[in-house]
Each structure stands twice: as C-alpha cells, then as structure tokens.
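Visitor: Starting off with a structure, shown below.
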Amino acid sequence: MPQFSIGERDFLLDGEPFQVISGALHYFRVHPGQWRERLRAARQMGLNTIETYVPWNEHEPRRGEFDASGRLDLAAFLELVHDEGMFAIVRPGPFICAEWDGGGLPAWLFLEPGIGIRSSEPRFVAEITRYLERVLAIVEPLQVQSGGPVILVQIENEYGAYGSDKAYLEELVRVTRAAGIDVPLTTVDQPAGTMLDDGSLPELLKTGSFGSRSAERLATLRAAQPTGPLMCSEFWCGWFDHWGAHHHTTTPAESAAELDTLLAAGASVNIYMVHGGTNFGLTNGANDKGVFQPTITSYDYDSPLDEAGRPTEKFHRFREVIARYAPVPDETPAGAVPAPTPTAPLRTVAALRTLAEGANEWMPAAGLPTLDSIGRYRGFAYYRTLLEGSGAPAVFTVDEVRDRATATLDGAYIGTLARELHENALTLPRTSGEFALLIEDEGRVNYGTRIGEQKGLIGPARLDGSELTGWQTLDVDIDALAAEAGALESSVDGVLAEPAFLVADVELDEASDLFLDTRHFGKGLVWVNGFALGRYWRKGPQGTLYVPRPATRAGSNRIVVLELETLADPTIRFAPDLILGHTDF
C-alpha cells in the first residue's frame with residue numbers, strides 16, 4: 001500500500017517528492033447526487049487531492065444523535081474521491097469556521113454554563129473526544145496506507161487566531177492518534193504575528209492560509225518552520241458574501257498569478273474553494289465584529305467551479321497554471337448553458353403561526369427563554385405574553401435581539417427589531433392584548449469571541465422599565481411545517497398580513513439544474529420537492545437560489561415558499577443563470 005510522509009523539504013509518497021495540488025469541496029454543501037460530477041470536474045482542472053471539513057453540528061444536531069448517512073455520508077464521499085483517482089485531506093475540527101453555522105460547533109454544547117470553548121477545559125475535552133472518536137472511526141480505514149485516499153488530517157482550525165492553549169492542542173493530537181490516524185497531522189494559520197506558533201505544536205506541520213503576497217507569506221512560513229514542506233492549505237481564491245453587501249470577486253489573472261508563485265516555489269496548495277456550493281437550509285454562519293452580518297445562502301465563493309459546478313474563467317486560468325507543474329487531463333467539464341425558465345402562480349395555503357399552533361403547544365417559560373433553552377438550535381420560535389395595562393402606549397426593550405424579532409399586538413404587525421441595526425426597543429401603541437414576537441435565528445457566529453452565544457431574546461424584557469413576565473413559547477419546526485404546507489391543496493382567500501406558506505407546481509420536461517429568481521420576494525425560505533434550498537432576502541446581493549438537478553424531476557415539482565414579509569408578485573420565476581449580485585468594481 002502507498003505510504004505518505006513528511007520529508008526534509010517535501011511531502012513524500014512512497015519515498016518520492018509529492019506536491020499536493022488540492023481543492024476544498026465540502027460534501028455537506030453539495031447535493032450527494034452531484035458529488036461525483038463535482039469531484040470529476042475538480043480533477044479535470046488538474047487537482048490530485050480534495051480537502052473537506054467535517055461539520056460537527058450537522059452530524060450531531062442533538063447530543064448523542066450522530067448521523068453519517070445520506071448527504072452526510074463522509075465515507076461514501078471519500079470513497080468517491082478515491083474512485084476519481086485523487087487523495088483526500090480531512091479537517092474534522094471540532095471547530096471549522098467555514099462561514100458555517102456556529103463554525104460547526106453544536107449549539108447544545110453550550111447549554112452547560114461555563115463550558116470552555118476551544119480549550120482544555122475538561123467538559124469541552126470530554127465532548128470533543130466523543131465526537132472525534134466517531135468521525136475518525138470513519139476516516140481511519142480510509143487512510144492511504146490502508147488503500148484509501150486520506151493523506152493528511154488537520155488538528156483544529158486557525159487556532160492561533162483564537163487562542164494558544166497548548167494542552168488543548170496536545171489533547172486533540174492524543175485523541176487523533178489514539179483513533180488510529182497515522183497519516184501526517186497539520187495545523188493552519190495566517191502567517192502573521194504569533195498565529196503560526198500559537199496555533200500549533202512542534203510535532204505538527206504548520207501550513208498557511210492566505211490569498212495574496214504568496215512569496216512573502218511562504219517566507220514567513222519557512223522562518224517559523226525551517227524544515228518540512230511548505231503548504232498554503234487555504235489559498236483564498238475568492239471570498240464569501242453577507243446579506244446587504246456586495247458579491248465578492250477576485251480577478252482570475254491575479255489569482256492565477258498567485259497560484260503560479262506557490263507552485264513555482266515547490267509549495268503544496270489547497271485552493272479554497274475549488275467549488276463552494278450552497279448553504280442549504282438554515283446552515284449559513286455569520287460574523288459579528290461590532291456589526292452582525294449573516295452569510296448568504298450561496299457559497300459560490302467566486303470559485304473555479306461556480307455554485308452550479310460549471311467551469312469559470314478562473315477554472316481555465318488555474319488549469320493552465322497547474323499544467324506547468326503537473327499532468328492535467330485532456331477532458332474538461334461542459335460549460336454553462338441556459339437553464340429552463342418556467343413560471344407558475346403561487347397560492348397562499350396557510351399562516352405560519354396557524355400551522356405551528358397545530359403542531360405544537362404553547363409552553364410556559366420561566367423568565368425570558370433563549371431559543372437554545374427551549375431546544376430550538378436553528379430557525380424560529382414564537383414568544384408571547386398577555387399585556388394587562390391601561391392601554392396607553394409604552395416602550396418594550398430587551399438587552400439584545402438575536403437575530404430578528406417581528407412583533408404583533410393582537411395579531412396586528414407593530415414593528416421589527418433587527419440585530420444588524422442594533423435595535424432593542426419598540427414602541428407599543430397600547431399596553432393591553434396579546435403581545436407576540438416571531439424570533440428568527442439568522443445564522444450563528446462562526447468566527448471570533450462570540451462563538452457559542454445563545455439565540456433568541458436576551459433579557460430581561462421590560463415594558464417602560466418594568467420587567468415583563470408571563471412568557472410562553474411556541475416551537476417552530478420549519479422543515480416539518482413546510483412539508484405539511486406542501487401537502488395542502490386548498491388555498492387561503494386573499495393576502496395574509498403575517499408570515500405565510502405559499503405553494504406552486506412547476507412542470508419540467510426533465511430533471512434540471514434551476515435558478516429560482518427571488519428578486520420579487522421579500523424575506524424567507526424555499527423548498528423544492530421537500531429539499532430545503534435556503535434563505536432569500538430582498539437585501540441581496542444574491543438574486544437566485546440554486547436548485548440542484550437531483551432535487552427536481554420530470555413532470556410536476558412542488559415548490560413551497562415561506563414568506564416572512566411581503567411578496568411583490570406571487571409568481572415563481574426562474575432565471576437562465578445565477579444572479580449573484582453587484583460587485584464593488
């Protein structure tokens with residue numbers, strides 16, 4: 001069987017120098033029915049390796065409920081990498097960042113007060129040990145020396161930007177080796193300040209993350225690590241987008257020149273991302289560096305393979321560069337062709353609250369609960385309390401809204417509190433009646449000191465300065481309610497002045513990739529034949545939701561839309577191509 005190791009200046013495959021030319025492709029951001037074609041396209045660009053993160057919170061959404069099947073079948077994905085003639089790099093975290101909900105750390109982990117985040121605190125170590133043992137049991141038989149594709153496993157992720165707890169890193173190494181992982185172990189950090197040293201250990205290979213000034217960054221990496229192969233294990237060839245901002249792009253020629261610098265220096269590389277894919281459902285993360293910025297649904301990342309897996313100009317530029325240093329297959333992926341653009345009327349079938357009340361009961365709460373404390377780790381919940389005041393106007397306040405609260409009084413809309421605007425106060429027209437709020441979690445912070453924070457209303461809640469009590473909560477299982485709405489045939493007369501489900505039936509000649517045009521929608525989510533596409537928002541920048549071909553079928557396709565605000569036109573429309581929004585140049 002092949003052997004992979006670290007030499008004095010190079011990676012060694014069976015004792016011979018081997019330059020890793022890799023690309024990041026996350027199985028959890030691609031429909032499993034398209035894994036093989038995406039991997040094949042990556043190989044056709046000239047890659048010899050594929051890298052993927054492993055999202056803990058997706059595999060274990062509730063404590064003790066570990067799932068590695070279907071769209072989360074890591075073993076099947078790695079076997080496809082092997083079938084396509086490539087090697088694999090696995091980055092199991094436990095923290096992955098990745099613009100993913102919570103950076104991959106499960107929300108239930110932080111319900112225990114004081115548990116240490118990304119540290120050697122014993123309770124945190126116990127939890128990550130249990131998780132890593134499950135994941136690494138999948139990876140262990142797929143290592144290269146056992147005939148599988150895995151040649152490298154990463155310890156933590158950009159830890160030097162967060163902390164410097166060496167005991168924590170040592171514990172991760174111990175657990176990884178005890179699980180039978182014998183391939184070389186790496187860390188990754190930006191080559192700046194003390195990050196490389198803070199985020200690694202002497203026995204681990206330090207690698208860098210950067211997207212420009214490659215020669216300078218390689219020199220910094222070499223100074224921090226005099227021996228061993230040089231590797232940029234996150235070569236940022238694009239960037240991610242936030243709602244309400246612009247679509248980030250990088251110039252193909254400049255990115256290709258940086259890649260050329262890396263490969264010419266003999267460095268190994270992992271292109272982040274070769275194919276970004278999509279934050280399907282409610283999986284997007286967020287940043288908060290003083291302003292809360294949730295990540296959009298598209299994770300196109302301006303990658304060589306776009307969100308729909310098609311080659312871009314950057315693909316061909318990168319392929320030309322790689323061909324100077326390694327064999328490149330003769331074949332290339334098919335280019336983009338216009339997608340079908342059918343239309344269909346949307347009809348309102350039910351109010352969100354009506355379906356939620358039919359599925360669950362209002363539960364009394366002690367104080368003001370968070371979403372986490374009621375077991376809702378993603379999505380939505382309703383809060384309500386009965387006001388029994390004089391009827392005069394009053395000001396409602398909370399310490400913080402995470403992340404959006406839509407308020408009604410006796411069913412009539414009175415306002416919205418948005419975290420990104422730092423809003424935490426609302427004037428009520430009177431102090432009598434049912435005061436209710438629909439709380440939306442727009443994505444958990446995936447980077448920095450706010451990792452692990454709880455969602456919902458952060459109290460206490462007050463009315464004109466006096467604490468407001470008597471709260472009840474109503475859990476909203478959004479996927480289950482969307483499935484229920486999708487089975488409804490009768491329609492509601494007129495327009496509902498509250499969040500509501502709408503459905504449409506779209507006819508297709510054959511299963512097809514589609515680009516659902518959402519520019520005339522307000523804010524909400526979409527499902528196609530039960531598959532959750534993700535969020536849309538009139539703020540942009542993205543104007544389409546990508547519909548993967550395996551989620552569609554020939555004949556009738558049921559579309560379910562949850563509109564939280566206002567539809568300008570109740571019609572399903574499709575665009576011939578991706579609409580990712582305006583850029584900054």
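FYI, nothing fancy with the structure tokens labels: chains A, B, ... in order, residues from 1 per chain, ligands from 1 as they appear.
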Per residue of range 224-337 of chain A within 9 Å of range 448-456 of chain A, record the nearest atom pair and its distance in Å to one decimal, counting only C-alpha atoms, with rows in chain order and ascending residue number, as JSON lines.
Guide:
{"residue": "A:Asn287", "atom": "CA", "partner": "A:Gly448", "partner_atom": "CA", "distance": 8.1}
{"residue": "A:Asp288", "atom": "CA", "partner": "A:Arg450", "partner_atom": "CA", "distance": 7.4}
{"residue": "A:Lys289", "atom": "CA", "partner": "A:Gly448", "partner_atom": "CA", "distance": 8.1}
Visitor: Using DSSP assignments from the backbone, pull out every residue in range 392-538 of chain A that falls under alpha helix (DSSP H) and give it to me as a list of chain:residue names.
Guide: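 These are the residues in question: A:Ile478, A:Asp479, A:Ala480, A:Leu481, A:Ala482, A:Ala483, A:Glu484, A:Ala485, A:Gly486.
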Visitor: Using only C-alpha atoms, find the one residue out of A:Gly116, A:Gly103, A:Gly208, A:Gly228 that sits nearest to Asp165 in chain A.
Guide: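 With only C-alpha atoms as the atom set, the closest residue is A:Gly116.
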Visitor: Find, counting only C-alpha atoms, the residue in A:Leu259, A:Val398, A:Leu221, A:Ile374 that gets nearest to Ala107 in chain A.
Guide: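 Looking at the shortest contact to Ala107 in chain A, the residue is A:Ile374.
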Visitor: Give me, as a ChimeraX atom specification, all polymer residues having an atom no more than 10 Å from range 385-389 of chain A, counting only C-alpha atoms and skipping those fewer than 3 positions away in the same chain.
Guide: /A:364,392-394,409-410,430-437,463,468-473
Visitor: Mind writing the picked residues with C-alpha atoms as a PDB file, in the first residue's frame?
Guide:
ATOM      1  CA  PRO A 364     -44.957  28.447  29.803  1.00  0.00           C
ATOM      2  CA  ALA A 392     -51.624  53.637  26.907  1.00  0.00           C
ATOM      3  CA  PRO A 393     -48.526  53.432  24.648  1.00  0.00           C
ATOM      4  CA  ALA A 394     -45.340  52.003  26.182  1.00  0.00           C
ATOM      5  CA  LEU A 409     -50.217  43.105  19.122  1.00  0.00           C
ATOM      6  CA  ASP A 410     -53.445  41.109  18.943  1.00  0.00           C
ATOM      7  CA  ARG A 430     -51.093  50.255  23.840  1.00  0.00           C
ATOM      8  CA  THR A 431     -50.378  48.047  26.857  1.00  0.00           C
ATOM      9  CA  SER A 432     -53.278  45.633  26.531  1.00  0.00           C
ATOM     10  CA  GLY A 433     -53.715  42.497  24.462  1.00  0.00           C
ATOM     11  CA  GLU A 434     -51.539  39.630  23.267  1.00  0.00           C
ATOM     12  CA  PHE A 435     -48.001  40.783  22.558  1.00  0.00           C
ATOM     13  CA  ALA A 436     -46.227  38.218  20.345  1.00  0.00           C
ATOM     14  CA  LEU A 437     -42.875  38.022  18.601  1.00  0.00           C
ATOM     15  CA  LEU A 463     -42.109  47.486  29.474  1.00  0.00           C
ATOM     16  CA  LEU A 468     -42.250  41.885  31.572  1.00  0.00           C
ATOM     17  CA  THR A 469     -43.118  38.327  32.645  1.00  0.00           C
ATOM     18  CA  GLY A 470     -45.652  35.621  31.867  1.00  0.00           C
ATOM     19  CA  TRP A 471     -43.942  34.466  28.671  1.00  0.00           C
ATOM     20  CA  GLN A 472     -44.967  31.438  26.648  1.00  0.00           C
ATOM     21  CA  THR A 473     -43.070  29.937  23.715  1.00  0.00           C
TER      22      THR A 473
END
Visitor: Write out as an MDAnalysis selection string which residues come within 8 Å of Thr406 in chain A when counting only C-alpha atoms, dropping same-chain ones fewer than 6 positions away.
Guide: chainID A and resid 413 415:417 437:439
Visitor: Restricting the output to N, CA and C atoms, write the selected residues as a tab-separated table (two decimals), in the first residue's frame.
Guide:
chain	number	residue	atom	x	y	z
A	413	TYR	N	-49.38	43.71	13.02
A	413	TYR	CA	-47.94	44.00	12.97
A	413	TYR	C	-47.66	45.38	13.56
A	415	GLY	N	-43.97	46.16	14.37
A	415	GLY	CA	-42.58	46.51	14.12
A	415	GLY	C	-41.65	45.32	14.14
A	416	THR	N	-40.40	45.58	13.73
A	416	THR	CA	-39.37	44.54	13.68
A	416	THR	C	-38.11	45.06	14.36
A	417	LEU	N	-37.49	44.21	15.15
A	417	LEU	CA	-36.21	44.51	15.78
A	417	LEU	C	-35.14	43.68	15.08
A	437	LEU	N	-44.05	37.79	19.44
A	437	LEU	CA	-42.88	38.02	18.60
A	437	LEU	C	-42.48	36.73	17.91
A	438	LEU	N	-42.23	36.82	16.61
A	438	LEU	CA	-41.63	35.71	15.87
A	438	LEU	C	-40.13	35.96	15.86
A	439	ILE	N	-39.38	35.05	16.48
A	439	ILE	CA	-37.93	35.19	16.58
A	439	ILE	C	-37.28	34.36	15.47
Visitor: At a cut-off of 12 Å, using only C-alpha atoms, what residues contact Ile6 in chain A? Leave out same-chain residues fewer than 4 positions from it and give the result as a PyMOL selection string.
Guide: chain A and resi 10-20+151-152+183-186+203-206+227-231
Visitor: When DSSP is applied to the backbone of this structure, which of range 317-440 of chain A are assigned strand (DSSP E)? Write them out as a PyMOL selection string.
Guide: chain A and resi 343-345+347-351+363-364+380-388+394-397+400-402+404-409+412-418+425-428+432-440
Visitor: For Val528 in chain A, which residue out of A:Gly7, A:Gly486, A:Gly244, A:Pro141 is the nearest one, using only C-alpha atoms?
Guide: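 For Val528 in chain A, the nearest of the candidates is A:Gly486.
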Visitor: Quick one: which range 247-348 of chain A residues come within 12 Å of range 73-92 of chain A, and what is the nearest atom pair for each with the distance in Å to one decimal, counting only C-alpha atoms, rows ordered by chain and ascending number, as a Markdown table?
Guide:
| residue | atom | partner | partner_atom | distance |
| --- | --- | --- | --- | --- |
| A:Val269 | CA | A:Ile89 | CA | 11.4 |
| A:Asn270 | CA | A:Ile89 | CA | 9.2 |
| A:Pro329 | CA | A:Gly85 | CA | 11.6 |
Visitor: So how many Å separate CA of Thr332 in chain A and CA of Trp35 in chain A, to one decimal?
Guide: 16.6 Å
Visitor: Would you mind listing what lies within 9 Å of Cys232 in chain A as a tab-separated table (two decimals) with C-alpha atoms, in the first residue's frame, with only C-alpha atoms counted and same-chain residues fewer than 3 positions away left out?
Guide:
chain	number	residue	atom	x	y	z
A	188	VAL	CA	-3.28	26.04	9.55
A	207	THR	CA	0.63	25.41	6.99
A	208	GLY	CA	-0.59	28.86	5.96
A	209	SER	CA	-3.85	30.49	4.95
A	210	PHE	CA	-3.71	33.46	2.58
A	211	GLY	CA	-4.72	34.61	-0.89
A	214	SER	CA	2.34	34.46	-1.68
A	217	ARG	CA	3.81	34.55	3.18
A	218	LEU	CA	5.86	31.49	2.21
A	235	PHE	CA	-5.35	29.57	-0.80
A	262	LEU	CA	3.07	28.99	-4.95
A	267	ALA	CA	4.87	24.62	-2.28
A	268	SER	CA	1.82	22.45	-1.94
A	269	VAL	CA	-1.56	24.13	-2.10
A	270	ASN	CA	-5.20	23.66	-1.21
A	271	ILE	CA	-7.42	26.03	-3.21
